[in-house]
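> You'll find query-v4.cif just under this line, and it carries mmCIF, C-alpha atoms and all ligand atoms.
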data_coords
loop_
_atom_site.label_atom_id
_atom_site.label_comp_id
_atom_site.auth_asym_id
_atom_site.auth_seq_id
_atom_site.Cartn_x
_atom_site.Cartn_y
_atom_site.Cartn_z
CA MET P 11 -46.87 28.24 4.11
CA ASN P 12 -44.61 27.49 7.05
CA ASP P 13 -45.68 23.88 7.50
CA LEU P 14 -44.25 22.58 4.22
CA GLU P 15 -42.45 19.28 4.60
CA PRO P 16 -39.28 18.20 2.84
CA ILE P 17 -39.50 15.34 0.38
CA ARG P 18 -37.73 12.48 2.09
CA PHE P 19 -37.43 8.94 0.95
CA ALA P 20 -36.24 6.62 3.68
CA THR P 21 -32.82 5.64 2.40
CA ILE P 22 -31.70 8.98 1.04
CA ALA P 23 -32.95 11.11 3.87
CA ASP P 24 -30.14 13.54 4.56
CA ARG P 25 -27.84 13.11 1.60
CA ARG P 26 -27.32 16.17 -0.47
CA PRO P 27 -27.88 16.53 -3.29
CA LEU P 28 -31.03 14.50 -3.56
CA VAL P 29 -30.80 13.15 -7.11
CA ILE P 30 -33.73 12.31 -9.36
CA ALA P 31 -32.65 10.88 -12.71
CA GLY P 32 -34.01 9.06 -15.72
CA PRO P 33 -34.93 9.57 -19.33
CA CYS P 34 -36.80 12.57 -20.65
CA SER P 35 -39.39 10.05 -21.89
CA ALA P 36 -40.11 6.41 -21.24
CA GLU P 37 -39.87 5.06 -24.80
CA THR P 38 -39.94 1.28 -24.54
CA GLU P 39 -39.99 -1.16 -21.66
CA ALA P 40 -36.43 -2.24 -22.45
CA GLN P 41 -35.08 1.34 -22.56
CA THR P 42 -36.88 2.22 -19.31
CA LEU P 43 -35.61 -0.82 -17.43
CA ASP P 44 -32.08 -0.70 -18.80
CA THR P 45 -31.74 2.97 -17.81
CA ALA P 46 -33.22 2.34 -14.36
CA ARG P 47 -30.98 -0.68 -13.64
CA ARG P 48 -27.87 1.25 -14.61
CA LEU P 49 -28.91 4.27 -12.51
CA ALA P 50 -29.66 2.01 -9.53
CA ALA P 51 -26.23 0.43 -9.94
CA GLU P 52 -24.76 3.94 -9.54
CA GLY P 53 -26.71 4.50 -6.31
CA ILE P 54 -29.47 6.74 -7.72
CA ARG P 55 -32.66 6.17 -5.72
CA ILE P 56 -35.36 8.14 -7.57
CA PHE P 57 -36.19 7.37 -11.19
CA ARG P 58 -37.85 9.94 -13.46
CA ALA P 59 -39.49 9.23 -16.80
CA GLY P 60 -42.00 11.31 -18.74
CA LEU P 61 -45.08 9.35 -19.85
CA TRP P 62 -47.17 12.29 -21.04
CA LYS P 63 -44.94 14.75 -22.88
CA PRO P 64 -46.13 18.32 -23.43
CA ARG P 65 -44.58 19.40 -26.72
CA THR P 66 -44.22 22.99 -27.84
CA LYS P 67 -45.24 22.01 -31.37
CA PRO P 68 -47.40 19.14 -32.62
CA GLY P 69 -45.76 16.23 -34.36
CA GLY P 70 -43.07 15.37 -31.79
CA PHE P 71 -43.10 12.26 -29.62
CA GLU P 72 -45.92 12.86 -27.14
CA GLY P 73 -45.12 10.01 -24.78
CA VAL P 74 -46.33 6.46 -24.36
CA GLY P 75 -49.01 7.50 -21.87
CA ALA P 76 -50.56 5.16 -19.31
CA GLU P 77 -48.96 2.14 -20.97
CA GLY P 78 -45.66 3.13 -19.38
CA LEU P 79 -47.06 2.88 -15.84
CA ALA P 80 -46.52 -0.89 -15.90
CA TRP P 81 -42.86 -0.26 -16.82
CA LEU P 82 -42.46 2.08 -13.84
CA ARG P 83 -43.98 -0.60 -11.59
CA ARG P 84 -41.35 -3.01 -12.88
CA VAL P 85 -38.64 -0.44 -12.15
CA LYS P 86 -39.86 -0.27 -8.55
CA ARG P 87 -40.11 -3.99 -8.19
CA GLU P 88 -36.81 -4.87 -9.78
CA THR P 89 -34.55 -2.04 -8.62
CA GLY P 90 -36.26 -0.82 -5.46
CA MET P 91 -36.11 2.75 -6.82
CA TYR P 92 -38.84 5.33 -6.22
CA THR P 93 -40.52 6.56 -9.40
CA ALA P 94 -41.53 10.01 -10.62
CA THR P 95 -43.46 11.26 -13.61
CA GLU P 96 -44.97 14.46 -15.00
CA VAL P 97 -48.70 15.13 -14.71
CA ALA P 98 -50.60 17.82 -16.59
CA THR P 99 -54.29 16.89 -16.19
CA ARG P 100 -56.58 15.30 -13.62
CA ASP P 101 -56.58 12.10 -15.67
CA HIS P 102 -52.78 11.93 -15.50
CA VAL P 103 -52.93 12.38 -11.72
CA ALA P 104 -55.52 9.62 -11.33
CA ALA P 105 -53.58 7.24 -13.59
CA ALA P 106 -50.22 7.97 -11.91
CA LEU P 107 -51.66 7.42 -8.43
CA GLU P 108 -53.39 4.25 -9.57
CA GLY P 109 -50.02 3.14 -10.98
CA GLU P 110 -48.37 3.83 -7.59
CA VAL P 111 -45.95 6.45 -8.87
CA ASP P 112 -44.15 7.85 -5.79
CA LEU P 113 -43.51 11.45 -6.81
CA LEU P 114 -45.23 13.74 -9.31
CA TRP P 115 -43.89 16.81 -11.03
CA ILE P 116 -45.69 19.50 -12.96
CA GLY P 117 -44.05 20.80 -16.12
CA ALA P 118 -43.17 24.37 -17.03
CA ARG P 119 -45.90 24.76 -19.66
CA THR P 120 -48.56 23.50 -17.27
CA VAL P 121 -47.46 25.66 -14.34
CA ALA P 122 -47.94 28.70 -16.60
CA ASN P 123 -51.68 27.92 -16.83
CA PRO P 124 -53.74 28.65 -13.68
CA PHE P 125 -56.74 26.64 -14.94
CA ALA P 126 -54.62 23.53 -15.47
CA MET P 127 -52.94 24.09 -12.08
CA GLN P 128 -56.29 24.39 -10.31
CA GLU P 129 -57.53 21.21 -11.98
CA ILE P 130 -54.42 19.33 -10.83
CA ALA P 131 -54.67 20.81 -7.32
CA ASP P 132 -58.32 19.72 -7.05
CA SER P 133 -57.43 16.21 -8.16
CA LEU P 134 -54.68 16.01 -5.52
CA CYS P 135 -56.96 17.03 -2.66
CA GLY P 136 -56.75 14.40 0.07
CA LYS P 137 -53.96 12.45 -1.67
CA ASP P 138 -50.66 11.92 0.08
CA VAL P 139 -48.10 12.21 -2.68
CA PRO P 140 -45.13 14.56 -2.91
CA VAL P 141 -45.20 17.06 -5.76
CA LEU P 142 -42.49 19.09 -7.45
CA VAL P 143 -43.48 22.29 -9.25
CA LYS P 144 -41.31 23.45 -12.13
CA ASN P 145 -40.97 27.16 -12.80
CA PRO P 146 -43.30 28.49 -15.52
CA VAL P 147 -41.70 29.14 -18.92
CA SER P 148 -41.67 32.91 -18.34
CA PRO P 149 -39.72 34.56 -15.50
CA ASP P 150 -42.84 35.26 -13.47
CA LEU P 151 -42.21 34.50 -9.81
CA GLU P 152 -45.80 35.24 -8.77
CA LEU P 153 -47.13 32.71 -11.30
CA TRP P 154 -44.72 30.11 -9.88
CA ILE P 155 -45.75 30.88 -6.29
CA GLY P 156 -49.42 30.96 -7.34
CA ALA P 157 -49.14 27.39 -8.65
CA ILE P 158 -47.51 26.32 -5.37
CA GLU P 159 -50.27 28.07 -3.39
CA ARG P 160 -52.99 26.24 -5.34
CA LEU P 161 -51.43 22.90 -4.35
CA TYR P 162 -50.93 24.07 -0.78
CA ASN P 163 -54.57 25.13 -0.54
CA ALA P 164 -55.54 21.64 -1.74
CA GLY P 165 -53.63 20.19 1.23
CA VAL P 166 -50.33 19.22 -0.43
CA ARG P 167 -47.52 19.66 2.12
CA ARG P 168 -44.69 17.54 0.77
CA MET P 169 -43.72 19.89 -1.99
CA GLY P 170 -40.61 21.14 -3.76
CA ALA P 171 -39.78 23.45 -6.64
CA ILE P 172 -37.71 22.68 -9.73
CA HIS P 173 -35.69 25.42 -11.37
CA ARG P 174 -35.52 24.60 -15.12
CA GLY P 175 -34.76 28.05 -16.50
CA PHE P 176 -36.80 30.53 -18.53
CA THR P 177 -37.39 30.85 -22.28
CA PRO P 178 -34.71 33.22 -23.61
CA ILE P 179 -35.88 36.07 -25.83
CA ASP P 180 -32.80 35.93 -28.01
CA ARG P 181 -30.03 33.50 -28.83
CA SER P 182 -28.40 32.29 -25.68
CA LEU P 183 -25.83 29.80 -24.46
CA TYR P 184 -28.65 28.10 -22.63
CA ARG P 185 -31.79 26.39 -23.85
CA ASN P 186 -33.54 28.09 -20.93
CA HIS P 187 -31.92 31.04 -19.22
CA PRO P 188 -31.01 30.25 -15.58
CA MET P 189 -31.81 33.69 -14.11
CA TRP P 190 -30.68 32.43 -10.70
CA ALA P 191 -32.15 35.47 -8.95
CA LEU P 192 -35.65 33.99 -9.35
CA PRO P 193 -35.14 30.69 -7.52
CA ILE P 194 -33.11 32.57 -4.91
CA GLU P 195 -36.02 34.97 -4.37
CA LEU P 196 -38.42 32.00 -4.27
CA HIS P 197 -36.29 30.52 -1.49
CA ARG P 198 -36.36 33.82 0.40
CA ARG P 199 -40.16 33.91 0.14
CA LEU P 200 -40.73 30.20 0.88
CA PRO P 201 -37.73 28.97 2.87
CA GLY P 202 -39.44 25.65 3.74
CA LEU P 203 -39.73 24.65 0.10
CA GLN P 204 -37.04 22.26 -1.17
CA LEU P 205 -35.29 23.47 -4.29
CA PHE P 206 -34.20 21.21 -7.12
CA CYS P 207 -32.24 22.25 -10.18
CA ASP P 208 -32.82 20.75 -13.62
CA PRO P 209 -29.51 21.42 -15.39
CA SER P 210 -30.63 19.31 -18.38
CA HIS P 211 -33.45 21.65 -19.40
CA ILE P 212 -31.54 24.81 -18.46
CA GLY P 213 -28.47 23.83 -20.47
CA GLY P 214 -30.07 21.89 -23.31
CA ARG P 215 -26.60 20.47 -23.96
CA ARG P 216 -24.69 17.69 -22.20
CA GLU P 217 -21.57 19.70 -21.51
CA LEU P 218 -23.50 22.31 -19.51
CA ILE P 219 -24.93 19.80 -17.00
CA ALA P 220 -21.84 19.61 -14.77
CA PRO P 221 -21.19 23.37 -14.45
CA LEU P 222 -24.88 24.13 -13.90
CA ALA P 223 -25.20 21.39 -11.26
CA GLN P 224 -22.16 22.83 -9.49
CA GLN P 225 -23.62 26.33 -9.57
CA ALA P 226 -26.85 24.99 -8.07
CA MET P 227 -24.89 23.32 -5.27
CA ASP P 228 -22.91 26.50 -4.61
CA ILE P 229 -26.15 28.43 -4.25
CA GLY P 230 -27.48 25.81 -1.83
CA PHE P 231 -30.07 23.85 -3.81
CA ASP P 232 -31.26 20.67 -2.09
CA GLY P 233 -31.31 18.43 -5.13
CA LEU P 234 -30.98 17.83 -8.83
CA ILE P 235 -33.26 16.34 -11.47
CA VAL P 236 -31.22 15.20 -14.44
CA GLU P 237 -32.13 13.48 -17.68
CA ALA P 238 -30.24 10.21 -18.13
CA HIS P 239 -30.83 7.67 -20.89
CA SER P 240 -29.38 4.25 -21.68
CA MET P 241 -28.51 5.45 -25.22
CA PRO P 242 -28.68 9.26 -25.20
CA ASP P 243 -27.95 9.74 -28.90
CA ASN P 244 -30.96 7.63 -29.82
CA ALA P 245 -33.40 9.29 -27.41
CA TRP P 246 -36.82 10.10 -28.89
CA SER P 247 -36.93 13.49 -27.11
CA ASP P 248 -34.28 15.91 -25.81
CA SER P 249 -31.41 13.72 -27.03
CA GLU P 250 -28.79 16.51 -26.95
CA GLN P 251 -29.17 17.06 -23.24
CA GLN P 252 -29.32 13.44 -22.06
CA ILE P 253 -26.33 11.58 -20.63
CA THR P 254 -25.66 7.97 -19.69
CA PRO P 255 -26.21 6.82 -16.10
CA GLU P 256 -22.46 6.36 -15.75
CA ALA P 257 -21.70 9.90 -16.94
CA LEU P 258 -24.23 11.21 -14.44
CA ALA P 259 -22.56 9.30 -11.61
CA CYS P 260 -19.24 10.80 -12.61
CA ILE P 261 -20.70 14.34 -12.53
CA ILE P 262 -22.27 13.77 -9.11
CA HIS P 263 -19.08 12.42 -7.60
CA LYS P 264 -17.16 15.44 -8.78
CA LEU P 265 -19.57 17.96 -7.27
CA ILE P 266 -18.16 20.03 -4.47
CA ILE P 267 -20.78 20.33 -1.75
CA ARG P 268 -20.28 23.21 0.63
CA GLU P 269 -21.69 23.17 4.12
CA LYS P 270 -24.97 25.07 4.16
CA SER P 271 -24.33 26.86 7.44
CA ALA P 272 -20.73 27.92 7.03
CA SER P 273 -20.25 30.84 9.40
CA SER P 274 -16.54 31.02 10.00
CA GLY P 275 -14.88 34.16 11.33
CA SER P 276 -13.67 35.26 7.92
CA LEU P 277 -17.11 34.87 6.36
CA HIS P 278 -18.38 37.13 9.12
CA GLU P 279 -15.78 39.73 8.26
CA LEU P 280 -16.53 39.54 4.57
CA ARG P 281 -20.24 40.00 5.22
CA ALA P 282 -19.50 43.00 7.42
CA ARG P 283 -17.52 44.51 4.53
CA ILE P 284 -20.41 43.90 2.16
CA ASP P 285 -22.81 45.60 4.60
CA LYS P 286 -20.52 48.63 4.77
CA ILE P 287 -20.29 48.87 0.99
CA ASP P 288 -24.09 48.57 0.75
CA ASP P 289 -24.40 51.49 3.19
CA GLN P 290 -22.17 53.58 0.94
CA LEU P 291 -24.07 52.51 -2.17
CA LEU P 292 -27.35 53.63 -0.64
CA GLU P 293 -25.88 56.96 0.47
CA LEU P 294 -24.57 57.58 -3.03
CA LEU P 295 -27.87 56.60 -4.61
CA ALA P 296 -29.72 59.03 -2.34
CA GLN P 297 -27.29 61.81 -3.34
CA ARG P 298 -27.83 60.94 -7.00
CA MET P 299 -31.60 61.19 -6.54
CA ASP P 300 -31.15 64.65 -4.94
CA VAL P 301 -29.34 65.81 -8.06
CA ALA P 302 -31.96 64.16 -10.29
CA ARG P 303 -34.65 66.15 -8.47
CA ASP P 304 -32.65 69.38 -9.02
CA ILE P 305 -32.50 68.52 -12.70
CA GLY P 306 -36.26 67.90 -12.60
CA ARG P 307 -36.83 71.42 -11.21
CA TYR P 308 -34.58 72.89 -13.91
CA LYS P 309 -36.48 71.02 -16.66
CA LYS P 310 -39.76 72.24 -15.22
CA GLU P 311 -38.63 75.88 -15.07
CA HIS P 312 -37.40 75.69 -18.65
CA ALA P 313 -40.44 73.72 -19.89
CA MET P 314 -38.22 70.85 -21.01
CA PRO P 315 -39.52 67.25 -21.32
CA ILE P 316 -38.54 64.95 -18.45
CA LEU P 317 -37.27 62.12 -20.65
CA GLN P 318 -34.12 63.01 -22.58
CA ALA P 319 -33.67 59.83 -24.62
CA GLN P 320 -30.35 60.73 -26.22
CA ARG P 321 -28.69 61.55 -22.93
CA TYR P 322 -29.92 58.25 -21.48
CA GLU P 323 -28.59 56.25 -24.48
CA GLU P 324 -25.17 57.90 -24.11
CA LEU P 325 -25.10 57.19 -20.41
CA LEU P 326 -26.03 53.52 -20.96
CA ALA P 327 -23.36 53.02 -23.63
CA ARG P 328 -20.62 54.68 -21.59
CA ARG P 329 -21.39 52.95 -18.30
CA THR P 330 -21.91 49.47 -19.73
CA ALA P 331 -18.52 49.70 -21.46
CA GLN P 332 -16.99 50.89 -18.20
CA ALA P 333 -18.65 48.00 -16.33
CA ALA P 334 -17.19 45.50 -18.77
CA ALA P 335 -13.73 46.98 -18.21
CA LEU P 336 -14.30 46.55 -14.47
CA ASN P 337 -15.17 42.86 -14.82
CA MET P 338 -18.92 43.20 -14.61
CA ASP P 339 -21.50 41.95 -17.03
CA ARG P 340 -22.88 44.59 -19.43
CA GLU P 341 -26.40 43.25 -19.04
CA PHE P 342 -26.12 43.49 -15.26
CA MET P 343 -25.06 47.15 -15.54
CA ARG P 344 -27.88 47.88 -17.98
CA THR P 345 -30.40 46.43 -15.50
CA ILE P 346 -29.05 48.59 -12.67
CA LEU P 347 -28.94 51.77 -14.75
CA ARG P 348 -32.44 51.12 -16.03
CA ALA P 349 -33.75 50.78 -12.47
CA ILE P 350 -31.96 53.93 -11.30
CA HIS P 351 -33.17 55.86 -14.32
CA GLU P 352 -36.75 54.74 -13.76
CA GLU P 353 -36.66 55.90 -10.17
CA SER P 354 -35.15 59.28 -11.19
CA ILE P 355 -37.88 59.76 -13.78
CA ARG P 356 -40.53 58.75 -11.25
CA GLN P 357 -39.21 61.32 -8.78
CA GLN P 358 -39.09 64.02 -11.46
CA ILE P 359 -42.66 63.27 -12.52
CA GLU P 360 -43.81 63.39 -8.90
CA LEU P 361 -42.12 66.72 -8.44
CA SER P 362 -43.55 68.21 -11.66
CA GLY P 363 -47.05 67.38 -10.42
CA LYS P 364 -46.47 69.02 -7.03
CA GLY P 365 -46.03 72.56 -8.25
CA GLU P 366 -42.68 72.83 -6.40
C1 LIG W 1 -39.25 17.30 -18.78
O1 LIG W 1 -38.90 17.31 -17.59
O2 LIG W 1 -39.00 16.39 -19.56
C2 LIG W 1 -39.95 18.50 -19.31
C3 LIG W 1 -40.87 18.42 -20.27
O3 LIG W 1 -39.52 19.61 -18.76
P1 LIG W 1 -40.06 21.15 -18.76
O4 LIG W 1 -41.46 21.09 -18.26
O5 LIG W 1 -39.11 21.77 -17.78
O6 LIG W 1 -39.90 21.68 -20.14
MN MN W 2 -37.03 16.60 -21.40
#
What does this structure look like when you write it as structure tokens?

Amino acid sequence: MNDLEPIRFATIADRRPLVIAGPCSAETEAQTLDTARRLAAEGIRIFRAGLWKPRTKPGGFEGVGAEGLAWLRRVKRETGMYTATEVATRDHVAAALEGEVDLLWIGARTVANPFAMQEIADSLCGKDVPVLVKNPVSPDLELWIGAIERLYNAGVRRMGAIHRGFTPIDRSLYRNHPMWALPIELHRRLPGLQLFCDPSHIGGRRELIAPLAQQAMDIGFDGLIVEAHSMPDNAWSDSEQQITPEALACIIHKLIIREKSASSGSLHELRARIDKIDDQLLELLAQRMDVARDIGRYKKEHAMPILQAQRYEELLARRTAQAAALNMDREFMRTILRAIHEESIRQQIELSGKGE
């Protein structure tokens, strides 16, 4: 996929971040237009509004549907903004294109369903409209890339990805856990794909929008998609995470944007130090695996089981506490130890089958 094209709209071509903003849902014509006018007054050039709202449970506000397309047309006509909406079926695609919506996005619940994605891809075949693909609700990079591939195979080239976080399995600060490693890996795999961050759906709370947007900029995201509403407290969906157009402008102005290709002398030196440390880490890991294999031989000779659960639990508890004391996240240390342990076990199993 090396012929992907960036999503450019004439007047905002090279400004970073590219900002898409607007309400979670278009609710009424007045709310849609008021929000759009105030965003336009702050210099925002792309207006988002959900018309068809996929809800986790029935009974919530499911969007105004095709009726809102006329409101988006008015937004274009009266403010000169570009418009964007979410599509989840072939009928949505047809209606949005008929309504001259400029940019489509596909929501997290839809991206998780290959049948729905294929239907959307088929309906986009031969159409020249840019599309943004949100990450699926679960942290499954291949599913995300698969959705992008379906669109690519249908001929879509102006494409971007939106990072909106992943459903947490337990209580979390975030509505959707950011797990930044996934969008970073997506960027490594598909460097031509523009990356947008949706701090509204990651955070789920107004006060998290600014820090999350800054983190996205620090990582090098190209743009942001943020929920903004003329009266956030009265919003019919996602009211806790919506902010006024003026608050959004304030957040954007305060963002610190680093140059993407900073390669000063000192950065060079720091990277060289990191490379050296990585060399040492690998050496140490290899030594640790040697010892693990010796232990494997011992267990085999003494007919002991490979997995010694109690020893592993003790090791996890001790090292995660030590990590915390050394300013590292416990969960991070658990992930590393789990990976190392899995590889040790794999090597011991391999050895026990070899008759060494
Ligand atoms: C939205 O953008 O309003 C939305 C429904 O988001 P997501 O698909 O990320 O939940
Ligand atoms: Mn929303």
> Can you tell me, as a VMD selection string, what residues are no more than 9 Å from Ile316 in chain P when counting all atoms listed in the file, ignoring any on the same chain fewer than 4 positions away?
chain P and resid 306 309 to 310 355 358 to 359
> Extract, using only C-alpha atoms, all DNA, RNA and protein residues at most 12 Å from range 265-267 of chain P, discarding same-chain residues fewer than 5 positions from it, and format them as JSON, numbers by chain.
{"P": [25, 26, 27, 28, 219, 220, 221, 222, 223, 224, 225, 226, 227, 228, 229, 230, 231, 232, 233, 234, 258, 259, 260, 272]}
> When distances are computed from only C-alpha atoms, which of P:Ala126, P:Ile194, P:Ala76, P:Ile17 shows the smallest separation from Ala98 in chain P?
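Nearest candidate to Ala98 in chain P out of P:Ala126, P:Ile194, P:Ala76, P:Ile17: P:Ala126.
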> With the cut-off set at 9 Å and counting all atoms listed in the file, tabulate each residue of chain P with an atom at most that distance from an atom of ligand MN 2 (chain W), showing the nearest atom pair and its distance in Å to one decimal, ordered by chain and increasing number, as JSON lines.

{"residue": "P:Pro33", "atom": "CA", "partner": "W:MN2", "partner_atom": "MN", "distance": 7.6}
{"residue": "P:Cys34", "atom": "CA", "partner": "W:MN2", "partner_atom": "MN", "distance": 4.1}
{"residue": "P:Ser35", "atom": "CA", "partner": "W:MN2", "partner_atom": "MN", "distance": 7.0}
{"residue": "P:Gly60", "atom": "CA", "partner": "W:MN2", "partner_atom": "MN", "distance": 7.7}
{"residue": "P:Lys63", "atom": "CA", "partner": "W:MN2", "partner_atom": "MN", "distance": 8.3}
{"residue": "P:Ser210", "atom": "CA", "partner": "W:MN2", "partner_atom": "MN", "distance": 7.6}
{"residue": "P:His211", "atom": "CA", "partner": "W:MN2", "partner_atom": "MN", "distance": 6.5}
{"residue": "P:Gly214", "atom": "CA", "partner": "W:MN2", "partner_atom": "MN", "distance": 8.9}
{"residue": "P:Glu237", "atom": "CA", "partner": "W:MN2", "partner_atom": "MN", "distance": 6.9}
{"residue": "P:Ser247", "atom": "CA", "partner": "W:MN2", "partner_atom": "MN", "distance": 6.5}
{"residue": "P:Asp248", "atom": "CA", "partner": "W:MN2", "partner_atom": "MN", "distance": 5.2}
{"residue": "P:Ser249", "atom": "CA", "partner": "W:MN2", "partner_atom": "MN", "distance": 8.5}
{"residue": "P:Gln251", "atom": "CA", "partner": "W:MN2", "partner_atom": "MN", "distance": 8.1}
{"residue": "P:Gln252", "atom": "CA", "partner": "W:MN2", "partner_atom": "MN", "distance": 8.4}
> Between P:Ile235, P:Leu49, P:Ile155, P:Ala80, single out the one closest to ligand LIG 1 (chain W), counting all atoms listed in the file.
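When distances to ligand LIG 1 (chain W) are compared using all atoms listed in the file, the smallest one comes from P:Ile235.
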> Which distance in Å separates CA of Gln128 in chain P and CA of Lys144 in chain P, to one decimal?
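These two atoms are separated by 15.1 Å.
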> Compute the set of protein, DNA and RNA residues whose minimum atom distance to ligand LIG 1 (chain W) is at most 10 Å, using all atoms listed in the file, and state it as number ranges by chain.
P: 32-35, 58-66, 95-96, 98, 115-121, 143-147, 172-177, 186, 208-212, 235-237, 247-248
> Just the number, please: distance in Å from CA of Pro149 in chain P to CA of Met189 in chain P, one decimal.
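Atom-to-atom, CA of Pro149 in chain P to CA of Met189 in chain P, that is 8.1 Å.
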> Quick one: residues within 10 Å of Ile54 in chain P, only C-alpha atoms counted, chain neighbours fewer than 3 positions away excluded, as a list in words?
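Answer for this query is Ile22, Leu28, Val29, Ile30, Ala31, Gly32, Ala46, Arg47, Arg48, Leu49, Ala50, Ala51, Phe57, Met91, Tyr92, Pro255, Leu258 and Ala259 of chain P.
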> Using only C-alpha atoms, which residue out of P:Leu151, P:Leu142, P:Leu336, P:Leu161 lies closest to Ile130 in chain P?
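Smallest separation from Ile130 in chain P among the options: P:Leu161.
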> Nearest residue to Glu37 in chain P out of P:Gly363, P:Pro242, P:Gly165, P:Pro124, using all atoms listed in the file?
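When distances to Glu37 in chain P are compared using all atoms listed in the file, the smallest one comes from P:Pro242.
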> Just give me the gap between CA of Ser182 in chain P and CA of Glu323 in chain P in Å, one decimal is fine.
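Interatomic distance, CA of Ser182 in chain P to CA of Glu323 in chain P: 24.0 Å.
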> Given the choices P:Gly275, P:Leu196, P:Arg344, P:Gly156, which gets closest to Gln332 in chain P if the distance is worked out from only C-alpha atoms?
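Smallest distance to Gln332 in chain P is found for P:Arg344.
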> Please give the centre and size of the box around range 91-106 of chain P (axis-aligned, containing every atom listed in the file, 5 Å added per side), with values in Å to one decimal and written as JSON.

{"center_x": -46.3, "center_y": 10.3, "center_z": -11.4, "size_x": 30.5, "size_y": 25.1, "size_z": 20.4}
> So, with only C-alpha atoms as the atoms that count, which of P:Ala245, P:Ala164, P:Met314, P:Ala296 lies closest to Glu353 in chain P?
P:Ala296
